[in-house]
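This report concerns only the one structure given below.
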Amino acid sequence: MARANRRPPGLAFLVGASFFVACVGLGSESSSAQQMAANPDPLQQRDTPRKPAVRLSTTANAAPSDSPSSTEVKPVRRSASVKGPYYVDFRARTAASYGHAFVWYGKTSERQVEVAGLHPAGDTVPYVLGHLMFVPSETGASYGDLDVQYLTASYRVYLSEADAKKVFAHIKHLQATSPVWNAETTNCTAFIGRIASFMGLKTPFHLMKPEEYVNQLRALNGGRQTAQLASDN
């Protein structure tokens, strides 16, 4: 009797099983059809995953295409080529005495810089005499102004193109009209202070060591990184 119960499945059982498989297959196709109806473009599903950060990094490394994700990164590539603003960098460096203050100025997108600073013309003797009297001056770059290892303080302020033209012209005017140097009156800190005042910045008293002067200049202006000239400048 036990053997009799193990006979192969009958025709009715095979028909029922086939009907069940067909129903499952139709249900799966129906579900897929509903998703396609709601979103006819399968690429759209890949463009809206749950982790957008992964999509963006992948898209940035992918070849350019007409998909929405590729157009999202185009402004980033264009912004890299936009030229930066103009600037004046108030700087101080070490020297054989108490240091020197000067300015770098130019455009951030260019490596070339202009240097302006007031210092005695010549070497040791004019410098010593300049503590007692007025001595001839120079207003360009001096030894060490372009060397980063001598830098002790820096305060960079950015300008628009229109304001930069006025400030740069003022710097060149100061260079052309500063024929003498004196340690107490027309010294290097007073020179860069006149530039800062023209830019609308607050300036400390000029009889300070250059490093202290530049740091005080930054502190008095709250470390602001931009300047806008008044309309009458």
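Following the order of the structure tokens, first chain is A, next is B, and so on, with residues numbered from 1 inside each chain and ligands from 1 in the order they appear.
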Pull the helix (DSSP H, G or I) assignments for stretch 81-198 of chain A out of DSSP run on the backbone, and list those residues as a VMD selection string. chain A and resid 124 to 129 148 to 150 161 to 176 188 to 198
Shell around A:Phe90 at 9 Å using only C-alpha atoms, local window under 5 positions removed, as a ChimeraX atom specification: /A:101-105,153-157,192,196,214,217
May I have the residues from that selection written out with all heavy atoms, as a short mmCIF file (atom, residue, chain, number, x, y, z; two decimals), in the first residue's frame?
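This is the output file out_28.cif:
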data_model
loop_
_atom_site.label_atom_id
_atom_site.label_comp_id
_atom_site.auth_asym_id
_atom_site.auth_seq_id
_atom_site.Cartn_x
_atom_site.Cartn_y
_atom_site.Cartn_z
N ALA A 101 58.25 96.84 4.95
CA ALA A 101 56.86 96.69 4.53
C ALA A 101 56.73 97.15 3.08
O ALA A 101 57.36 98.13 2.67
CB ALA A 101 55.94 97.51 5.42
N PHE A 102 55.90 96.45 2.32
CA PHE A 102 55.74 96.75 0.90
C PHE A 102 54.43 96.12 0.43
O PHE A 102 53.72 95.47 1.23
CB PHE A 102 56.92 96.19 0.09
CG PHE A 102 57.16 94.73 0.29
CD1 PHE A 102 56.72 93.79 -0.63
CD2 PHE A 102 57.83 94.27 1.42
CE1 PHE A 102 56.93 92.43 -0.45
CE2 PHE A 102 58.05 92.91 1.62
CZ PHE A 102 57.59 91.99 0.69
N VAL A 103 54.10 96.28 -0.82
CA VAL A 103 52.89 95.68 -1.36
C VAL A 103 53.21 94.89 -2.63
O VAL A 103 54.10 95.27 -3.40
CB VAL A 103 51.79 96.72 -1.68
CG1 VAL A 103 51.30 97.41 -0.42
CG2 VAL A 103 52.26 97.72 -2.73
N TRP A 104 52.50 93.80 -2.80
CA TRP A 104 52.37 93.12 -4.08
C TRP A 104 51.01 93.54 -4.64
O TRP A 104 50.04 93.68 -3.89
CB TRP A 104 52.36 91.61 -3.91
CG TRP A 104 53.70 90.97 -3.72
CD1 TRP A 104 54.89 91.58 -3.47
CD2 TRP A 104 53.97 89.56 -3.73
NE1 TRP A 104 55.88 90.66 -3.33
CE2 TRP A 104 55.36 89.40 -3.49
CE3 TRP A 104 53.17 88.43 -3.92
CZ2 TRP A 104 55.95 88.15 -3.44
CZ3 TRP A 104 53.78 87.19 -3.86
CH2 TRP A 104 55.16 87.05 -3.63
N TYR A 105 50.92 93.70 -5.95
CA TYR A 105 49.60 93.94 -6.54
C TYR A 105 49.58 93.38 -7.95
O TYR A 105 50.60 93.29 -8.63
CB TYR A 105 49.23 95.43 -6.52
CG TYR A 105 50.13 96.36 -7.31
CD1 TYR A 105 49.78 96.80 -8.58
CD2 TYR A 105 51.33 96.83 -6.77
CE1 TYR A 105 50.58 97.66 -9.29
CE2 TYR A 105 52.15 97.69 -7.48
CZ TYR A 105 51.77 98.11 -8.74
OH TYR A 105 52.58 98.97 -9.44
N ALA A 153 54.49 88.61 7.45
CA ALA A 153 53.06 88.94 7.57
C ALA A 153 52.52 89.27 6.19
O ALA A 153 53.25 89.78 5.32
CB ALA A 153 52.84 90.12 8.52
N SER A 154 51.23 88.99 6.00
CA SER A 154 50.60 89.26 4.71
C SER A 154 49.11 89.50 4.93
O SER A 154 48.47 88.78 5.70
CB SER A 154 50.81 88.07 3.76
OG SER A 154 50.09 88.26 2.56
N TYR A 155 48.59 90.49 4.24
CA TYR A 155 47.16 90.80 4.29
C TYR A 155 46.72 91.17 2.88
O TYR A 155 47.01 92.25 2.39
CB TYR A 155 46.88 91.93 5.27
CG TYR A 155 45.46 92.41 5.31
CD1 TYR A 155 44.39 91.52 5.26
CD2 TYR A 155 45.16 93.77 5.42
CE1 TYR A 155 43.08 91.96 5.30
CE2 TYR A 155 43.86 94.23 5.48
CZ TYR A 155 42.82 93.32 5.41
OH TYR A 155 41.52 93.76 5.45
N ARG A 156 45.99 90.26 2.23
CA ARG A 156 45.57 90.44 0.84
C ARG A 156 44.13 90.93 0.78
O ARG A 156 43.25 90.35 1.43
CB ARG A 156 45.73 89.15 0.05
CG ARG A 156 45.29 89.25 -1.39
CD ARG A 156 45.71 88.06 -2.22
NE ARG A 156 47.16 88.00 -2.38
CZ ARG A 156 47.77 87.31 -3.33
NH1 ARG A 156 47.07 86.61 -4.21
NH2 ARG A 156 49.09 87.31 -3.41
N VAL A 157 43.90 91.95 -0.03
CA VAL A 157 42.57 92.52 -0.21
C VAL A 157 42.26 92.53 -1.71
O VAL A 157 43.09 92.96 -2.52
CB VAL A 157 42.49 93.95 0.35
CG1 VAL A 157 41.09 94.53 0.17
CG2 VAL A 157 42.89 93.96 1.83
N ILE A 192 52.83 102.19 2.64
CA ILE A 192 51.74 101.24 2.37
C ILE A 192 50.46 101.67 3.07
O ILE A 192 49.35 101.32 2.63
CB ILE A 192 52.13 99.80 2.77
CG1 ILE A 192 52.22 99.64 4.28
CG2 ILE A 192 53.42 99.37 2.10
CD1 ILE A 192 52.36 98.19 4.73
N ALA A 196 46.60 101.82 1.63
CA ALA A 196 45.45 101.26 2.33
C ALA A 196 44.36 102.30 2.55
O ALA A 196 43.16 102.02 2.40
CB ALA A 196 45.90 100.66 3.67
N VAL A 214 51.39 95.33 9.54
CA VAL A 214 50.53 94.56 8.64
C VAL A 214 49.49 93.78 9.44
O VAL A 214 48.31 93.71 9.06
CB VAL A 214 51.37 93.63 7.76
CG1 VAL A 214 50.48 92.69 6.95
CG2 VAL A 214 52.26 94.45 6.82
N LEU A 217 46.92 96.19 10.64
CA LEU A 217 46.09 96.61 9.51
C LEU A 217 44.97 95.60 9.27
O LEU A 217 43.81 95.97 9.05
CB LEU A 217 46.95 96.76 8.26
CG LEU A 217 46.25 97.18 6.97
CD1 LEU A 217 45.66 98.59 7.11
CD2 LEU A 217 47.22 97.14 5.79
#
Neighbouring residues of A:Phe134 were defined as those with any atom within 7 Å, considering only C-alpha atoms; residues of the same chain fewer than 2 positions away were excluded. Please report them as a short mmCIF file (atom, residue, chain, number, x, y, z; two decimals) with N, CA, C and O atoms, in the first residue's frame.
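Output saved as selection_15.cif:
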data_model
loop_
_atom_site.label_atom_id
_atom_site.label_comp_id
_atom_site.auth_asym_id
_atom_site.auth_seq_id
_atom_site.Cartn_x
_atom_site.Cartn_y
_atom_site.Cartn_z
N GLY A 130 69.25 107.98 7.21
CA GLY A 130 67.81 108.20 7.14
C GLY A 130 67.12 108.25 8.48
O GLY A 130 65.96 108.67 8.57
N PRO A 136 67.67 110.06 -0.23
CA PRO A 136 67.03 109.62 -1.48
C PRO A 136 66.43 108.22 -1.32
O PRO A 136 66.97 107.37 -0.61
N VAL A 180 62.03 110.77 -1.22
CA VAL A 180 62.91 110.66 -0.05
C VAL A 180 62.35 109.65 0.94
O VAL A 180 61.15 109.31 0.92
N TRP A 181 63.26 109.17 1.80
CA TRP A 181 62.90 108.24 2.87
C TRP A 181 63.44 108.77 4.18
O TRP A 181 64.54 109.34 4.25
N ASN A 182 62.64 108.60 5.24
CA ASN A 182 63.06 108.95 6.59
C ASN A 182 62.46 107.94 7.55
O ASN A 182 61.28 107.57 7.40
#
Residue neighbourhood A:Leu118, 8 Å, only C-alpha atoms, exclusion window fewer than 5 positions, as a list in words: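 What passes the distance filter is Phe102, Ser137, Glu138, Thr139, Gly140, Gln175, Ser178, Trp181, Asn187, Cys188 and Phe191 of chain A.
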Please save C-alpha atoms of the selected residues as a compact mmCIF listing (two decimals), in the first residue's frame.
# COMPACT_ATOMS: atom_id res chain seq x y z
CA PHE A 102 55.74 96.75 0.90
CA SER A 137 64.59 106.76 -1.84
CA GLU A 138 63.61 103.96 -4.16
CA THR A 139 60.04 102.69 -4.54
CA GLY A 140 60.37 99.42 -6.43
CA GLN A 175 56.07 105.84 -6.41
CA SER A 178 58.05 109.83 -3.04
CA TRP A 181 62.90 108.24 2.87
CA ASN A 187 59.06 105.31 5.95
CA CYS A 188 57.88 102.01 4.48
CA PHE A 191 53.93 104.35 2.37
Near stretch 161-165 of chain A, counting only C-alpha atoms, which residues have an atom at most 12 Å away, once you skip same-chain residues fewer than 5 positions from it, shown as a ChimeraX atom specification? /A:83-88,105-108,170-172,195,198-200,226-233
Okay, now the selection with N, CA, C and O atoms, as a JSON list (two decimals), in the first residue's frame?
[["chain", "number", "residue", "atom", "x", "y", "z"],
["A", 83, "LYS", "N", 38.74, 84.27, -15.07],
["A", 83, "LYS", "CA", 39.87, 84.91, -14.40],
["A", 83, "LYS", "C", 39.44, 85.49, -13.07],
["A", 83, "LYS", "O", 38.34, 85.98, -12.91],
["A", 84, "GLY", "N", 40.35, 85.42, -12.10],
["A", 84, "GLY", "CA", 40.06, 85.88, -10.75],
["A", 84, "GLY", "C", 40.11, 87.39, -10.62],
["A", 84, "GLY", "O", 40.45, 88.10, -11.58],
["A", 85, "PRO", "N", 39.83, 87.90, -9.43],
["A", 85, "PRO", "CA", 39.82, 89.35, -9.21],
["A", 85, "PRO", "C", 41.24, 89.91, -9.08],
["A", 85, "PRO", "O", 42.21, 89.18, -9.07],
["A", 86, "TYR", "N", 41.30, 91.21, -8.98],
["A", 86, "TYR", "CA", 42.57, 91.90, -8.74],
["A", 86, "TYR", "C", 42.80, 92.00, -7.23],
["A", 86, "TYR", "O", 41.88, 91.81, -6.43],
["A", 87, "TYR", "N", 44.01, 92.30, -6.84],
["A", 87, "TYR", "CA", 44.33, 92.32, -5.41],
["A", 87, "TYR", "C", 45.47, 93.28, -5.11],
["A", 87, "TYR", "O", 46.26, 93.65, -5.99],
["A", 88, "VAL", "N", 45.53, 93.67, -3.85],
["A", 88, "VAL", "CA", 46.70, 94.34, -3.27],
["A", 88, "VAL", "C", 47.06, 93.54, -2.02],
["A", 88, "VAL", "O", 46.21, 93.29, -1.17],
["A", 105, "TYR", "N", 50.92, 93.70, -5.95],
["A", 105, "TYR", "CA", 49.60, 93.94, -6.54],
["A", 105, "TYR", "C", 49.58, 93.38, -7.95],
["A", 105, "TYR", "O", 50.60, 93.29, -8.63],
["A", 106, "GLY", "N", 48.38, 92.98, -8.36],
["A", 106, "GLY", "CA", 48.23, 92.37, -9.68],
["A", 106, "GLY", "C", 46.90, 91.65, -9.80],
["A", 106, "GLY", "O", 45.91, 92.03, -9.17],
["A", 107, "LYS", "N", 46.92, 90.57, -10.58],
["A", 107, "LYS", "CA", 45.72, 89.79, -10.85],
["A", 107, "LYS", "C", 45.94, 88.35, -10.41],
["A", 107, "LYS", "O", 47.00, 87.78, -10.67],
["A", 108, "THR", "N", 44.95, 87.78, -9.76],
["A", 108, "THR", "CA", 45.13, 86.45, -9.20],
["A", 108, "THR", "C", 45.34, 85.39, -10.26],
["A", 108, "THR", "O", 45.94, 84.35, -9.97],
["A", 170, "HIS", "N", 47.09, 104.85, -8.41],
["A", 170, "HIS", "CA", 47.49, 105.59, -7.21],
["A", 170, "HIS", "C", 48.83, 105.09, -6.69],
["A", 170, "HIS", "O", 49.67, 105.90, -6.25],
["A", 171, "ILE", "N", 49.05, 103.80, -6.73],
["A", 171, "ILE", "CA", 50.34, 103.25, -6.29],
["A", 171, "ILE", "C", 51.47, 103.80, -7.14],
["A", 171, "ILE", "O", 52.52, 104.23, -6.63],
["A", 172, "LYS", "N", 51.29, 103.81, -8.44],
["A", 172, "LYS", "CA", 52.33, 104.33, -9.32],
["A", 172, "LYS", "C", 52.53, 105.84, -9.10],
["A", 172, "LYS", "O", 53.66, 106.35, -9.22],
["A", 195, "ILE", "N", 48.44, 103.73, 0.72],
["A", 195, "ILE", "CA", 47.72, 102.88, -0.24],
["A", 195, "ILE", "C", 46.46, 102.31, 0.41],
["A", 195, "ILE", "O", 45.39, 102.31, -0.19],
["A", 198, "PHE", "N", 43.72, 104.92, 0.72],
["A", 198, "PHE", "CA", 43.07, 105.18, -0.57],
["A", 198, "PHE", "C", 42.04, 104.11, -0.89],
["A", 198, "PHE", "O", 41.02, 104.38, -1.53],
["A", 199, "MET", "N", 42.28, 102.90, -0.43],
["A", 199, "MET", "CA", 41.36, 101.78, -0.66],
["A", 199, "MET", "C", 40.20, 101.78, 0.32],
["A", 199, "MET", "O", 39.33, 100.92, 0.24],
["A", 200, "GLY", "N", 40.18, 102.74, 1.25],
["A", 200, "GLY", "CA", 39.09, 102.81, 2.22],
["A", 200, "GLY", "C", 39.31, 101.95, 3.45],
["A", 200, "GLY", "O", 38.36, 101.71, 4.21],
["A", 226, "THR", "N", 37.85, 92.04, 0.86],
["A", 226, "THR", "CA", 37.48, 92.84, -0.30],
["A", 226, "THR", "C", 37.41, 94.31, 0.08],
["A", 226, "THR", "O", 37.17, 94.65, 1.24],
["A", 227, "ALA", "N", 37.61, 95.15, -0.91],
["A", 227, "ALA", "CA", 37.50, 96.59, -0.70],
["A", 227, "ALA", "C", 36.81, 97.21, -1.89],
["A", 227, "ALA", "O", 36.98, 96.76, -3.03],
["A", 228, "GLN", "N", 36.01, 98.21, -1.61],
["A", 228, "GLN", "CA", 35.29, 98.93, -2.67],
["A", 228, "GLN", "C", 35.53, 100.41, -2.49],
["A", 228, "GLN", "O", 35.27, 100.97, -1.42],
["A", 229, "LEU", "N", 36.04, 101.05, -3.52],
["A", 229, "LEU", "CA", 36.35, 102.47, -3.43],
["A", 229, "LEU", "C", 35.09, 103.31, -3.41],
["A", 229, "LEU", "O", 34.07, 102.93, -3.98],
["A", 230, "ALA", "N", 35.20, 104.44, -2.74],
["A", 230, "ALA", "CA", 34.10, 105.41, -2.78],
["A", 230, "ALA", "C", 34.00, 105.98, -4.18],
["A", 230, "ALA", "O", 34.96, 105.97, -4.96],
["A", 231, "SER", "N", 32.85, 106.52, -4.53],
["A", 231, "SER", "CA", 32.62, 106.99, -5.89],
["A", 231, "SER", "C", 33.50, 108.16, -6.29],
["A", 231, "SER", "O", 33.74, 108.41, -7.46],
["A", 232, "ASP", "N", 34.04, 108.90, -5.29],
["A", 232, "ASP", "CA", 34.84, 110.08, -5.63],
["A", 232, "ASP", "C", 36.32, 109.76, -5.73],
["A", 232, "ASP", "O", 37.13, 110.63, -5.99],
["A", 233, "ASN", "N", 36.72, 108.47, -5.51],
["A", 233, "ASN", "CA", 38.13, 108.10, -5.62],
["A", 233, "ASN", "C", 38.53, 107.91, -7.07],
["A", 233, "ASN", "O", 37.74, 107.47, -7.87]]
Between atom CA of A:Ala116 and atom CA of A:Ala141, what distance in Å does the model show, to one decimal?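 Atom-to-atom, atom CA of A:Ala116 and atom CA of A:Ala141 are spaced 6.0 Å apart.
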Find the distance between atom CA of A:Val113 and atom CA of A:Ala190 and write it in Å to one decimal.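 That distance, rounded to one decimal, is 21.4 Å.
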Please compute the atom CA of A:Gly222-atom CA of A:Leu201 distance, one decimal, in Å. 10.2 Å
Write out as a PyMOL selection string the residues lying within 9 Å of A:Thr203, counting only C-alpha atoms and excluding same-chain residues fewer than 2 positions away. chain A and resi 193-194+196-197+201+205-206+213+216-218+220-221
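Proximity ranking of A:Glu184, A:Pro210, A:Arg111, A:Asp89 relative to A:Tyr127 places A:Glu184 first, based on only C-alpha atoms.
Between A:His119 and the candidates A:Ala219, A:Ala169, A:Leu151, A:Ala183, the tightest atom-to-atom separation, counting only C-alpha atoms, involves A:Ala183.
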